[in-house]
>>> print(open('input37.cif').read())   # mmCIF, C-alpha atoms
data_input
#
loop_
_atom_site.label_atom_id
_atom_site.label_comp_id
_atom_site.auth_asym_id
_atom_site.auth_seq_id
_atom_site.Cartn_x
_atom_site.Cartn_y
_atom_site.Cartn_z
CA MET Q 1 0.00 0.00 0.00
CA SER Q 2 1.37 3.45 -0.91
CA SER Q 3 2.34 5.95 1.72
CA ASP Q 4 -0.51 8.28 0.86
CA GLN Q 5 -3.11 5.64 1.59
CA THR Q 6 -4.39 3.99 4.75
CA PRO Q 7 -6.90 1.17 5.21
CA GLU Q 8 -9.27 3.59 6.85
CA SER Q 9 -8.99 6.76 4.88
CA GLY Q 10 -8.14 6.21 1.20
CA ARG Q 11 -5.84 8.40 -0.86
CA THR Q 12 -4.69 11.82 0.35
CA ALA Q 13 -6.23 13.46 -2.71
CA ASP Q 14 -9.62 11.95 -1.80
CA VAL Q 15 -9.33 13.20 1.76
CA ARG Q 16 -8.51 16.73 0.63
CA THR Q 17 -11.54 16.78 -1.64
CA VAL Q 18 -13.69 15.51 1.21
CA LEU Q 19 -12.44 18.20 3.60
CA VAL Q 20 -12.98 20.98 1.07
CA SER Q 21 -16.45 19.62 0.30
CA SER Q 22 -17.34 19.37 4.00
CA VAL Q 23 -16.20 22.90 4.82
CA ILE Q 24 -17.88 24.54 1.82
CA GLY Q 25 -21.03 22.47 2.21
CA THR Q 26 -21.49 23.27 5.89
CA THR Q 27 -20.61 26.92 5.24
CA VAL Q 28 -23.44 27.19 2.72
CA GLU Q 29 -25.90 25.38 4.99
CA TRP Q 30 -25.05 27.44 8.09
CA TYR Q 31 -24.98 30.67 6.10
CA ASP Q 32 -28.55 29.97 5.06
CA PHE Q 33 -29.70 28.83 8.50
CA PHE Q 34 -28.15 31.70 10.45
CA LEU Q 35 -29.17 34.38 7.99
CA TYR Q 36 -32.56 33.80 9.54
CA SER Q 37 -31.25 34.32 13.08
CA THR Q 38 -29.61 37.62 12.12
CA ALA Q 39 -32.71 38.79 10.28
CA ALA Q 40 -34.92 37.70 13.20
CA GLY Q 41 -33.15 40.12 15.52
CA LEU Q 42 -32.91 43.02 13.05
CA VAL Q 43 -35.58 42.78 10.34
CA PHE Q 44 -38.30 40.17 10.74
CA ASP Q 45 -39.79 41.67 13.90
CA GLN Q 46 -40.56 44.83 11.88
CA LEU Q 47 -41.59 43.30 8.55
CA PHE Q 48 -43.43 40.15 9.59
CA PHE Q 49 -44.36 40.65 13.27
CA PRO Q 50 -44.98 44.38 13.79
CA SER Q 51 -45.89 45.33 17.37
CA ASP Q 52 -45.94 48.41 19.60
CA ASP Q 53 -44.07 46.44 22.26
CA PRO Q 54 -40.46 45.72 21.18
CA TYR Q 55 -40.26 42.63 23.40
CA THR Q 56 -43.38 41.17 21.74
CA GLY Q 57 -42.09 41.65 18.20
CA THR Q 58 -38.72 40.17 19.10
CA MET Q 59 -40.31 37.22 20.90
CA LEU Q 60 -42.53 36.43 17.90
CA ALA Q 61 -39.54 36.59 15.56
CA PHE Q 62 -37.64 34.21 17.83
CA VAL Q 63 -40.65 31.86 17.94
CA THR Q 64 -40.28 31.32 14.19
CA PHE Q 65 -36.51 30.98 14.72
CA PHE Q 66 -37.37 28.18 17.17
CA VAL Q 67 -39.60 26.47 14.56
CA GLY Q 68 -36.47 25.60 12.59
CA PHE Q 69 -35.14 23.72 15.59
CA VAL Q 70 -38.37 21.76 15.96
CA ALA Q 71 -37.98 20.59 12.36
CA ARG Q 72 -34.32 19.67 12.76
CA PRO Q 73 -34.91 16.39 14.67
CA LEU Q 74 -37.39 15.34 11.98
CA GLY Q 75 -34.79 16.09 9.34
CA GLY Q 76 -32.19 14.27 11.41
CA VAL Q 77 -34.28 11.10 11.65
CA LEU Q 78 -35.38 11.26 7.99
CA PHE Q 79 -32.00 11.99 6.44
CA GLY Q 80 -30.18 9.93 9.08
CA HIS Q 81 -32.22 6.90 7.98
CA VAL Q 82 -31.32 7.59 4.34
CA GLY Q 83 -27.67 8.25 5.21
CA ASP Q 84 -27.28 5.01 7.17
CA ARG Q 85 -29.05 2.90 4.54
CA ILE Q 86 -28.11 4.48 1.20
CA GLY Q 87 -25.01 6.52 1.95
CA ARG Q 88 -23.62 9.82 3.17
CA LYS Q 89 -22.96 11.48 -0.20
CA ARG Q 90 -26.42 11.32 -1.81
CA THR Q 91 -28.03 12.47 1.42
CA LEU Q 92 -25.80 15.55 1.61
CA VAL Q 93 -26.63 16.57 -1.96
CA SER Q 94 -30.35 16.48 -1.12
CA THR Q 95 -30.00 18.57 2.04
CA MET Q 96 -28.00 21.27 0.27
CA VAL Q 97 -30.57 21.69 -2.53
CA LEU Q 98 -33.47 21.84 -0.04
CA MET Q 99 -31.74 24.44 2.13
CA GLY Q 100 -30.76 26.67 -0.78
CA LEU Q 101 -34.24 26.75 -2.30
CA ALA Q 102 -35.92 27.50 1.05
CA THR Q 103 -33.53 30.35 1.87
CA ALA Q 104 -33.76 31.97 -1.57
CA ALA Q 105 -37.58 31.80 -1.36
CA MET Q 106 -37.46 33.73 1.94
CA GLY Q 107 -35.84 36.60 0.11
CA LEU Q 108 -38.88 36.80 -2.19
CA LEU Q 109 -41.57 36.80 0.50
CA PRO Q 110 -44.10 39.65 0.76
CA THR Q 111 -44.32 41.42 4.13
CA TYR Q 112 -47.11 41.53 6.71
CA GLN Q 113 -48.12 44.97 5.48
CA GLN Q 114 -48.57 43.59 1.97
CA VAL Q 115 -50.42 40.29 2.54
CA GLY Q 116 -51.23 40.15 6.25
CA MET Q 117 -50.96 36.83 8.10
CA LEU Q 118 -49.99 34.97 4.94
CA ALA Q 119 -46.53 36.53 5.20
CA PRO Q 120 -45.54 35.05 8.59
CA ALA Q 121 -47.25 31.76 7.65
CA LEU Q 122 -45.05 31.41 4.56
CA LEU Q 123 -42.02 32.41 6.59
CA VAL Q 124 -42.73 29.63 9.10
CA LEU Q 125 -43.19 27.07 6.30
CA LEU Q 126 -39.84 27.95 4.74
CA ARG Q 127 -38.19 27.91 8.16
CA LEU Q 128 -39.49 24.36 8.61
CA LEU Q 129 -37.83 23.36 5.33
CA GLN Q 130 -34.59 24.95 6.51
CA GLY Q 131 -34.81 22.94 9.70
CA LEU Q 132 -35.34 19.68 7.82
CA ALA Q 133 -32.31 20.40 5.63
CA ILE Q 134 -29.88 21.33 8.40
CA GLY Q 135 -31.19 18.38 10.41
CA GLY Q 136 -29.72 16.04 7.81
CA GLU Q 137 -26.64 18.06 6.89
CA TRP Q 138 -24.47 18.30 9.99
CA ALA Q 139 -23.93 14.62 10.82
CA GLY Q 140 -23.28 13.66 7.21
CA ALA Q 141 -20.70 16.41 6.66
CA VAL Q 142 -18.84 15.48 9.85
CA LEU Q 143 -18.94 11.78 9.00
CA MET Q 144 -17.49 12.37 5.55
CA ALA Q 145 -14.44 13.92 7.23
CA VAL Q 146 -14.15 11.61 10.25
CA GLU Q 147 -14.63 8.37 8.31
CA TYR Q 148 -12.01 9.39 5.76
CA ALA Q 149 -9.49 10.56 8.37
CA PRO Q 150 -6.24 8.66 9.04
CA PRO Q 151 -5.75 7.12 12.52
CA GLY Q 152 -4.63 9.58 15.20
CA ARG Q 153 -6.15 12.55 13.38
CA ARG Q 154 -9.88 11.89 13.68
CA ALA Q 155 -10.65 14.95 15.82
CA ARG Q 156 -8.55 17.25 13.63
CA TYR Q 157 -10.36 16.12 10.48
CA GLY Q 158 -13.72 16.09 12.25
CA ALA Q 159 -13.14 19.71 13.27
CA TRP Q 160 -12.94 20.98 9.69
CA PRO Q 161 -16.68 20.69 8.90
CA GLN Q 162 -17.29 22.63 12.12
CA VAL Q 163 -15.43 25.55 10.55
CA GLY Q 164 -18.42 25.87 8.23
CA LEU Q 165 -20.56 27.13 11.11
CA ALA Q 166 -18.13 29.96 11.83
CA LEU Q 167 -17.69 30.86 8.17
CA GLY Q 168 -21.43 30.71 7.52
CA LEU Q 169 -22.17 32.94 10.50
CA GLY Q 170 -19.38 35.36 9.60
CA LEU Q 171 -20.43 35.53 5.95
CA GLY Q 172 -24.05 36.20 6.86
CA THR Q 173 -23.39 38.86 9.51
CA GLY Q 174 -20.62 40.41 7.40
CA LEU Q 175 -22.94 40.74 4.42
CA PHE Q 176 -25.66 42.24 6.61
CA ALA Q 177 -23.12 44.74 7.99
CA LEU Q 178 -21.97 45.64 4.46
CA LEU Q 179 -25.53 46.13 3.25
CA GLY Q 180 -26.32 48.17 6.36
CA ASN Q 181 -23.38 50.48 5.64
CA SER Q 182 -24.20 50.80 1.94
CA LEU Q 183 -27.94 51.41 2.27
CA ASP Q 184 -30.06 53.67 4.44
CA GLU Q 185 -32.58 52.19 6.89
CA ARG Q 186 -35.50 52.35 4.46
CA GLN Q 187 -33.54 50.71 1.64
CA PHE Q 188 -32.20 48.02 3.96
CA LEU Q 189 -35.68 47.10 5.21
CA GLU Q 190 -37.21 47.31 1.74
CA TYR Q 191 -34.76 45.21 -0.28
CA GLY Q 192 -31.27 45.14 1.28
CA TRP Q 193 -31.83 42.10 3.47
CA ARG Q 194 -33.31 40.23 0.48
CA ILE Q 195 -29.99 40.39 -1.35
CA ALA Q 196 -28.34 38.30 1.37
CA PHE Q 197 -31.03 35.62 1.08
CA GLY Q 198 -30.93 35.57 -2.72
CA LEU Q 199 -27.18 34.95 -2.69
CA SER Q 200 -27.92 31.49 -1.32
CA ILE Q 201 -28.62 30.14 -4.81
CA VAL Q 202 -25.12 31.06 -6.01
CA LEU Q 203 -23.50 29.46 -2.96
CA VAL Q 204 -25.53 26.28 -3.42
CA PHE Q 205 -24.32 25.84 -7.01
CA VAL Q 206 -20.71 26.24 -5.83
CA GLY Q 207 -21.24 23.74 -3.00
CA LEU Q 208 -22.90 21.16 -5.23
CA ALA Q 209 -20.13 21.37 -7.83
CA ILE Q 210 -17.63 20.27 -5.17
CA ARG Q 211 -19.84 17.89 -3.21
CA LEU Q 212 -20.73 15.83 -6.28
CA ARG Q 213 -17.02 14.99 -6.74
CA VAL Q 214 -16.81 13.19 -3.38
CA SER Q 215 -16.98 9.39 -3.13
CA GLU Q 216 -18.76 7.47 -0.38
CA THR Q 217 -16.76 6.97 2.83
CA PRO Q 218 -14.57 3.86 3.23
CA ALA Q 219 -16.18 3.08 6.60
CA PHE Q 220 -19.68 3.05 5.12
CA ARG Q 221 -18.63 0.91 2.14
CA ARG Q 222 -16.89 -1.58 4.42
CA MET Q 223 -19.88 -1.74 6.75
CA ARG Q 224 -22.25 -2.46 3.83
CA ALA Q 225 -19.93 -5.21 2.57
CA LEU Q 226 -19.44 -6.91 5.95
CA GLU Q 227 -22.87 -6.73 7.51
CA GLY Q 228 -25.32 -4.62 5.55
CA ALA Q 229 -27.16 -1.44 6.52
CA ALA Q 230 -29.46 -1.23 9.52
CA ARG Q 231 -33.13 -1.75 8.63
CA VAL Q 232 -34.55 0.88 11.00
CA PRO Q 233 -31.60 2.78 12.51
CA ILE Q 234 -33.65 4.92 14.92
CA LEU Q 235 -35.06 1.78 16.61
CA GLU Q 236 -31.70 0.05 16.82
CA LEU Q 237 -30.21 3.17 18.39
CA PHE Q 238 -32.05 2.45 21.65
CA ARG Q 239 -31.89 -1.35 21.59
CA GLU Q 240 -28.59 -1.78 23.48
CA PRO Q 241 -27.78 -0.32 26.95
CA VAL Q 242 -24.52 1.28 25.81
CA ARG Q 243 -26.18 3.06 22.91
CA ARG Q 244 -29.05 4.26 25.12
CA ARG Q 245 -26.73 5.61 27.81
CA ASN Q 246 -24.44 7.33 25.34
CA THR Q 247 -27.37 8.88 23.50
CA LEU Q 248 -29.07 10.25 26.62
CA LEU Q 249 -25.85 11.69 28.04
CA GLY Q 250 -25.01 13.10 24.62
CA LEU Q 251 -28.35 14.92 24.60
CA LEU Q 252 -27.54 16.50 27.97
CA SER Q 253 -23.97 17.40 27.02
CA ARG Q 254 -25.23 19.32 23.98
CA TRP Q 255 -27.12 21.76 26.23
CA ALA Q 256 -23.94 23.72 26.91
CA GLU Q 257 -22.84 24.14 23.30
CA GLY Q 258 -26.30 24.96 21.96
CA ALA Q 259 -27.07 27.51 24.67
CA ALA Q 260 -23.65 29.14 24.37
CA PHE Q 261 -23.73 29.62 20.63
CA ASN Q 262 -27.30 30.89 20.47
CA THR Q 263 -26.69 33.31 23.31
CA TRP Q 264 -23.60 34.94 21.80
CA ALA Q 265 -24.47 34.65 18.10
CA VAL Q 266 -28.26 35.12 18.16
CA PHE Q 267 -29.68 36.61 21.39
CA PHE Q 268 -26.76 39.01 21.81
CA ILE Q 269 -27.65 40.80 18.54
CA SER Q 270 -31.12 41.83 19.71
CA TYR Q 271 -30.02 42.36 23.34
CA SER Q 272 -27.17 44.71 22.44
CA THR Q 273 -29.17 46.74 19.93
CA SER Q 274 -32.57 46.84 21.71
CA THR Q 275 -31.70 46.75 25.42
CA LEU Q 276 -28.20 48.22 25.48
CA GLY Q 277 -28.83 50.65 22.61
CA MET Q 278 -25.62 49.81 20.76
CA ALA Q 279 -25.20 50.54 17.05
CA ARG Q 280 -26.24 47.66 14.80
CA ASN Q 281 -23.08 47.67 12.74
CA ASP Q 282 -20.83 47.67 15.84
CA VAL Q 283 -22.60 44.52 16.97
CA LEU Q 284 -22.43 42.82 13.57
CA VAL Q 285 -18.74 43.62 13.21
CA ALA Q 286 -18.09 42.10 16.66
CA ILE Q 287 -19.93 38.91 15.65
CA MET Q 288 -18.05 38.79 12.36
CA ALA Q 289 -14.67 39.17 14.15
CA ALA Q 290 -15.64 36.42 16.59
CA SER Q 291 -16.66 34.18 13.67
CA ILE Q 292 -13.28 34.64 11.99
CA THR Q 293 -11.51 33.80 15.25
CA LEU Q 294 -13.73 30.74 15.68
CA ALA Q 295 -12.93 29.56 12.14
CA VAL Q 296 -9.19 29.88 12.78
CA LEU Q 297 -9.19 28.18 16.18
CA ILE Q 298 -11.52 25.23 15.48
CA PRO Q 299 -8.81 23.23 13.63
CA VAL Q 300 -6.33 24.13 16.38
CA PHE Q 301 -8.52 22.70 19.13
CA GLY Q 302 -9.37 19.74 16.90
CA THR Q 303 -5.67 18.88 16.97
CA VAL Q 304 -5.63 19.38 20.74
CA ALA Q 305 -8.60 17.01 21.06
CA ASP Q 306 -6.61 14.23 19.36
CA LYS Q 307 -4.24 14.41 22.34
CA TRP Q 308 -6.67 15.20 25.17
CA THR Q 309 -9.54 13.12 23.71
CA PRO Q 310 -12.65 14.82 22.23
CA ARG Q 311 -14.73 14.09 25.36
CA ARG Q 312 -12.40 15.88 27.78
CA THR Q 313 -11.79 18.81 25.46
CA TYR Q 314 -15.53 19.31 25.03
CA ALA Q 315 -16.10 19.19 28.80
CA LEU Q 316 -13.35 21.76 29.37
CA GLY Q 317 -14.97 24.16 26.90
CA ALA Q 318 -18.42 23.72 28.46
CA ALA Q 319 -17.03 24.44 31.93
CA ALA Q 320 -15.16 27.55 30.71
CA TYR Q 321 -18.35 28.86 29.12
CA GLY Q 322 -20.28 28.47 32.39
CA VAL Q 323 -17.58 30.25 34.40
CA LEU Q 324 -17.47 33.27 32.05
CA VAL Q 325 -21.22 34.00 31.75
CA TYR Q 326 -21.53 36.49 34.65
CA PRO Q 327 -18.29 38.38 33.91
CA ALA Q 328 -19.37 38.65 30.26
CA PHE Q 329 -22.73 40.26 30.99
CA LEU Q 330 -21.08 42.55 33.51
CA ALA Q 331 -18.76 43.76 30.75
CA PHE Q 332 -21.72 44.21 28.39
CA GLN Q 333 -23.21 46.79 30.77
CA SER Q 334 -20.37 49.16 29.86
CA ARG Q 335 -21.81 49.52 26.33
CA ASP Q 336 -18.25 50.24 25.18
CA PRO Q 337 -18.06 48.86 21.61
CA LEU Q 338 -14.39 47.88 21.96
CA LEU Q 339 -14.78 46.08 25.30
CA VAL Q 340 -18.01 44.39 24.25
CA GLY Q 341 -16.42 43.32 20.97
CA LEU Q 342 -13.39 41.83 22.73
CA VAL Q 343 -15.63 39.90 25.12
CA VAL Q 344 -17.70 38.50 22.24
CA VAL Q 345 -14.51 37.42 20.45
CA LEU Q 346 -13.34 35.66 23.64
CA LEU Q 347 -16.67 33.91 24.20
CA LEU Q 348 -17.71 33.04 20.66
CA GLY Q 349 -14.30 32.96 19.01
CA VAL Q 350 -12.09 31.26 21.60
CA VAL Q 351 -14.17 29.45 24.23
CA HIS Q 352 -16.72 28.18 21.75
CA ALA Q 353 -13.92 26.80 19.59
CA VAL Q 354 -12.89 24.60 22.54
CA ILE Q 355 -16.44 23.23 22.75
CA TYR Q 356 -17.26 22.98 19.07
CA ALA Q 357 -14.02 21.64 17.58
CA PRO Q 358 -14.21 18.15 19.18
CA GLN Q 359 -18.00 17.90 19.19
CA GLY Q 360 -18.45 16.14 15.84
CA THR Q 361 -15.83 13.47 16.53
CA PHE Q 362 -17.07 13.08 20.11
CA TYR Q 363 -20.65 12.43 18.98
CA ALA Q 364 -19.46 10.13 16.18
CA GLN Q 365 -17.94 7.93 18.90
CA LEU Q 366 -21.29 7.44 20.64
CA THR Q 367 -22.60 4.85 18.14
CA PRO Q 368 -21.25 2.18 15.75
CA VAL Q 369 -20.81 2.88 12.03
CA ARG Q 370 -24.09 1.33 10.87
CA LEU Q 371 -26.14 3.67 13.12
CA ARG Q 372 -23.80 6.66 13.15
CA TYR Q 373 -25.64 9.06 10.83
CA THR Q 374 -28.88 8.56 12.73
CA GLY Q 375 -27.21 8.57 16.15
CA MET Q 376 -25.27 11.79 15.56
CA SER Q 377 -28.28 13.50 14.00
CA PHE Q 378 -30.55 12.48 16.87
CA VAL Q 379 -28.20 13.76 19.59
CA TYR Q 380 -27.33 17.00 17.84
CA GLN Q 381 -30.72 17.87 16.36
CA PHE Q 382 -33.16 16.69 19.03
CA SER Q 383 -31.17 18.52 21.71
CA GLY Q 384 -31.31 21.58 19.47
CA ILE Q 385 -34.93 22.09 20.49
CA TYR Q 386 -34.11 22.97 24.11
CA ALA Q 387 -30.39 23.68 23.86
CA SER Q 388 -30.46 25.98 20.82
CA GLY Q 389 -33.92 26.91 19.61
CA LEU Q 390 -35.41 27.80 22.99
CA THR Q 391 -32.36 29.69 24.26
CA PRO Q 392 -33.16 33.12 22.72
CA LEU Q 393 -36.78 32.78 23.90
CA ILE Q 394 -35.84 31.72 27.44
CA VAL Q 395 -33.14 34.35 27.84
CA THR Q 396 -35.38 37.09 26.40
CA ALA Q 397 -38.20 36.05 28.77
CA LEU Q 398 -35.84 36.04 31.78
CA LEU Q 399 -34.53 39.44 30.72
CA ALA Q 400 -38.08 40.81 30.65
CA ALA Q 401 -38.86 39.15 34.01
CA GLY Q 402 -35.83 40.89 35.48
CA GLY Q 403 -36.95 44.27 34.23
CA GLY Q 404 -34.05 44.45 31.78
CA SER Q 405 -31.49 43.10 34.26
CA PRO Q 406 -29.59 40.11 32.81
CA TRP Q 407 -28.77 38.27 36.04
CA LEU Q 408 -31.69 35.82 35.97
CA ALA Q 409 -30.74 34.90 32.43
CA CYS Q 410 -27.13 34.44 33.53
CA GLY Q 411 -28.17 31.89 36.14
CA TYR Q 412 -29.89 29.82 33.49
CA LEU Q 413 -26.86 29.95 31.19
CA VAL Q 414 -24.48 28.90 33.96
CA LEU Q 415 -26.75 25.90 34.62
CA THR Q 416 -26.50 24.82 30.98
CA GLY Q 417 -22.70 24.96 31.17
CA VAL Q 418 -22.61 22.81 34.30
CA VAL Q 419 -25.02 20.22 32.88
CA GLY Q 420 -23.09 20.02 29.61
CA ALA Q 421 -19.70 19.52 31.26
CA VAL Q 422 -20.93 16.94 33.78
CA ALA Q 423 -22.83 14.94 31.15
CA ALA Q 424 -19.79 14.83 28.83
CA LEU Q 425 -17.55 13.52 31.61
CA ALA Q 426 -20.20 10.97 32.63
CA ILE Q 427 -19.84 9.24 29.24
CA ARG Q 428 -17.36 6.45 29.92
CA GLU Q 429 -14.30 6.25 27.70
CA ARG Q 430 -14.71 2.47 27.44
CA ASP Q 431 -18.22 2.95 25.97
CA LEU Q 432 -17.03 5.01 23.02
CA PHE Q 433 -16.79 3.44 19.56
CA ALA Q 434 -13.76 3.98 17.34
CA THR Q 435 -14.74 6.27 14.46
CA ALA Q 436 -13.57 3.87 11.75
CA GLU Q 437 -14.06 0.49 13.40
CA THR Q 438 -15.36 -2.58 11.61
CA THR Q 439 -18.86 -3.78 12.37
CA THR Q 440 -17.42 -6.92 13.96
CA GLU Q 441 -15.57 -4.80 16.51
CA ALA Q 442 -18.72 -2.81 17.17
CA GLY Q 443 -20.78 -5.92 17.80
CA SER Q 444 -18.15 -7.38 20.12
CA ARG Q 445 -18.04 -4.21 22.17
CA GLU Q 446 -21.79 -4.08 22.61
CA SER Q 447 -21.96 -7.73 23.64
CA VAL Q 448 -19.40 -7.05 26.38
CA HIS Q 449 -21.42 -4.12 27.76
CA ALA Q 450 -24.88 -5.61 27.34
#
>>> encode(input="input37.cif", output="structure tokens")
Amino acid sequence: MSSDQTPESGRTADVRTVLVSSVIGTTVEWYDFFLYSTAAGLVFDQLFFPSDDPYTGTMLAFVTFFVGFVARPLGGVLFGHVGDRIGRKRTLVSTMVLMGLATAAMGLLPTYQQVGMLAPALLVLLRLLQGLAIGGEWAGAVLMAVEYAPPGRRARYGAWPQVGLALGLGLGTGLFALLGNSLDERQFLEYGWRIAFGLSIVLVFVGLAIRLRVSETPAFRRMRALEGAARVPILELFREPVRRRNTLLGLLSRWAEGAAFNTWAVFFISYSTSTLGMARNDVLVAIMAASITLAVLIPVFGTVADKWTPRRTYALGAAAYGVLVYPAFLAFQSRDPLLVGLVVVLLLGVVHAVIYAPQGTFYAQLTPVRLRYTGMSFVYQFSGIYASGLTPLIVTALLAAGGGSPWLACGYLVLTGVVGAVAALAIRERDLFATAETTTEAGSRESVHA
């Protein structure tokens, strides 16, 4: 066998194509998904949910933001089933097309003033389609990288698709900031935000051109040859004690990462502009700077996770997030754009990189190959309902209950950090599955633990 090939990963050229495909694919998907979150805090409350009470309009916008997270588990189960039975590649092509069409259609929607309740109804429908698409995207993109990776570098390779989240968020907020600088308020609300949504079609064509060049993963092909695909993966996921325990603890561990990201990248936008009265572009530039930092550091902490193990690295990041919540909100009260920006870069750019870099590889280790697409999707997407989708709603409600004071909200966020760190450490190292194991090894391990 040549030096550029391993039994697990295939040729180096194949791996490079896979990594590029994973990063660009997840960037496009997250760009589309988080465009909505940015627009929810800045635009949709005025155009689709007008109200005399700013809290009411914001809450209604975040309700539709949450709808996407309700759809994500359905997409995870649906596309996870397809991905475990038919393959990772074809599933990922389908999710990208669905996401791109839904996002572009949002940019064409009429407003509440034009068509009344039909406008928010159509917005919710398209948000549901976005949720279905992202529900099937994440696990497949991570698996393409992890299952192609050479031994000893699983976490590093698994971290690369995670970069897509940072790039997608940075691209979306950066484009919103650029449009906000180039257009006046009336122009931005009338058509400026639509440009960002329409760009999705161009990005989808670029992503598909690269994704279609990727072959199916060696691990999936070997599993199909040795044993065959699972008939109903979602049922088999809960059939063995080890799988059940790993899945339930995985759901709890995700609470920290989901709450952290959606606090700093979603809630913070509306909080800083509405409650703190900061300039919109100052806030968007801070988010964009944090996104760039996150993109740079994710591969770094992926490499660290190969030495520390993904589980421990994830737990460390979750604990750091919990510790920094109160100091962060204390700094926000200064309303100083420079200080607030630096804090956001620390929280979203550095600390979140520690959590997010090892997450994909960590969750890939919770289940054997034949159930991995479904298992990863279930843990990541089902937990997204309470960990991610509800976070802006809960924190906004606690902010209102505190009369604008953030300290009740801080208590909730600290709790999510503690739960996430403890749950990650409670997953036993001996119960984790190697990310490129054979099905025979997987079966042997489960029989030992059963």
>>> closest_residue(input="input37.cif", among="Q:Val351, Q:Ile394, Q:Leu371, Q:Leu92", to="Phe66 (chain Q)", atoms="all atoms listed in the file")
Q:Ile394
>>> residues_around(input="input37.cif", residues="Glu29 (chain Q)", least_positions_apart="2", cutoff="8 Å", atoms="all atoms listed in the file", output="list of chain:residue names")
Q:Gly25, Q:Thr26, Q:Thr27, Q:Tyr31, Q:Asp32, Q:Phe33, Q:Met96, Q:Met99, Q:Gly100, Q:Ile134, Q:Glu137, Q:Gly168
>>> resolve_selection(input="input37.cif", expression="the PyMOL selection byres ((chain Q and resi 414-430) around 10)", output="NGL selection string")
:Q and (242 or 245-260 or 309-326 or 355 or 362 or 365-366 or 387 or 409-413 or 431-433 or 445 or 449)
>>> residues_around(input="input37.cif", residues="Phe188 (chain Q)", least_positions_apart="6", cutoff="12 Å", atoms="all atoms listed in the file", output="short mmCIF file (atom, residue, chain, number, x, y, z; two decimals) with C-alpha atoms, in the coordinates of the input")
data_model
loop_
_atom_site.label_atom_id
_atom_site.label_comp_id
_atom_site.auth_asym_id
_atom_site.auth_seq_id
_atom_site.Cartn_x
_atom_site.Cartn_y
_atom_site.Cartn_z
CA ALA Q 39 -32.71 38.79 10.28
CA LEU Q 42 -32.91 43.02 13.05
CA VAL Q 43 -35.58 42.78 10.34
CA GLN Q 46 -40.56 44.83 11.88
CA LEU Q 47 -41.59 43.30 8.55
CA LEU Q 175 -22.94 40.74 4.42
CA PHE Q 176 -25.66 42.24 6.61
CA ALA Q 177 -23.12 44.74 7.99
CA LEU Q 178 -21.97 45.64 4.46
CA LEU Q 179 -25.53 46.13 3.25
CA GLY Q 180 -26.32 48.17 6.36
CA ASN Q 181 -23.38 50.48 5.64
CA SER Q 182 -24.20 50.80 1.94
CA ARG Q 194 -33.31 40.23 0.48
CA ILE Q 195 -29.99 40.39 -1.35
CA ALA Q 196 -28.34 38.30 1.37
#
>>> atom_distance(input="input37.cif", atom1="CA of Thr111 (chain Q)", atom2="CA of Phe48 (chain Q)")
5.7 Å
>>> resolve_selection(input="input37.cif", expression="the PyMOL selection byres ((chain Q and resi 375) around 8)", output="list of chain:residue names")
Q:Gly80, Q:Ile234, Q:Leu237, Q:Thr247, Q:Ala364, Q:Leu366, Q:Thr367, Q:Leu371, Q:Arg372, Q:Tyr373, Q:Thr374, Q:Met376, Q:Ser377, Q:Phe378, Q:Val379
>>> atom_distance(input="input37.cif", atom1="CA of Ala145 (chain Q)", atom2="CA of Thr263 (chain Q)")
28.0 Å
>>> atom_distance(input="input37.cif", atom1="CA of Leu98 (chain Q)", atom2="CA of Arg370 (chain Q)")
25.1 Å
>>> build_atoms(input="input37.cif", residues="region 124-132 of chain Q", atoms="N, CA and C atoms", output="short mmCIF file (atom, residue, chain, number, x, y, z; two decimals), keeping the file's coordinate frame")
data_model
loop_
_atom_site.label_atom_id
_atom_site.label_comp_id
_atom_site.auth_asym_id
_atom_site.auth_seq_id
_atom_site.Cartn_x
_atom_site.Cartn_y
_atom_site.Cartn_z
N VAL Q 124 -42.82 30.81 8.24
CA VAL Q 124 -42.73 29.63 9.10
C VAL Q 124 -42.55 28.37 8.27
N LEU Q 125 -43.30 28.25 7.17
CA LEU Q 125 -43.19 27.07 6.30
C LEU Q 125 -41.77 26.93 5.76
N LEU Q 126 -41.20 28.00 5.28
CA LEU Q 126 -39.84 27.95 4.74
C LEU Q 126 -38.82 27.68 5.85
N ARG Q 127 -39.08 28.20 7.04
CA ARG Q 127 -38.19 27.91 8.16
C ARG Q 127 -38.23 26.43 8.51
N LEU Q 128 -39.39 25.80 8.39
CA LEU Q 128 -39.49 24.36 8.61
C LEU Q 128 -38.63 23.60 7.61
N LEU Q 129 -38.65 24.02 6.35
CA LEU Q 129 -37.83 23.36 5.33
C LEU Q 129 -36.35 23.55 5.63
N GLN Q 130 -35.97 24.73 6.09
CA GLN Q 130 -34.59 24.95 6.51
C GLN Q 130 -34.20 23.99 7.62
N GLY Q 131 -35.10 23.83 8.58
CA GLY Q 131 -34.81 22.94 9.70
C GLY Q 131 -34.63 21.50 9.26
N LEU Q 132 -35.49 21.04 8.35
CA LEU Q 132 -35.34 19.68 7.82
C LEU Q 132 -33.99 19.50 7.15
#
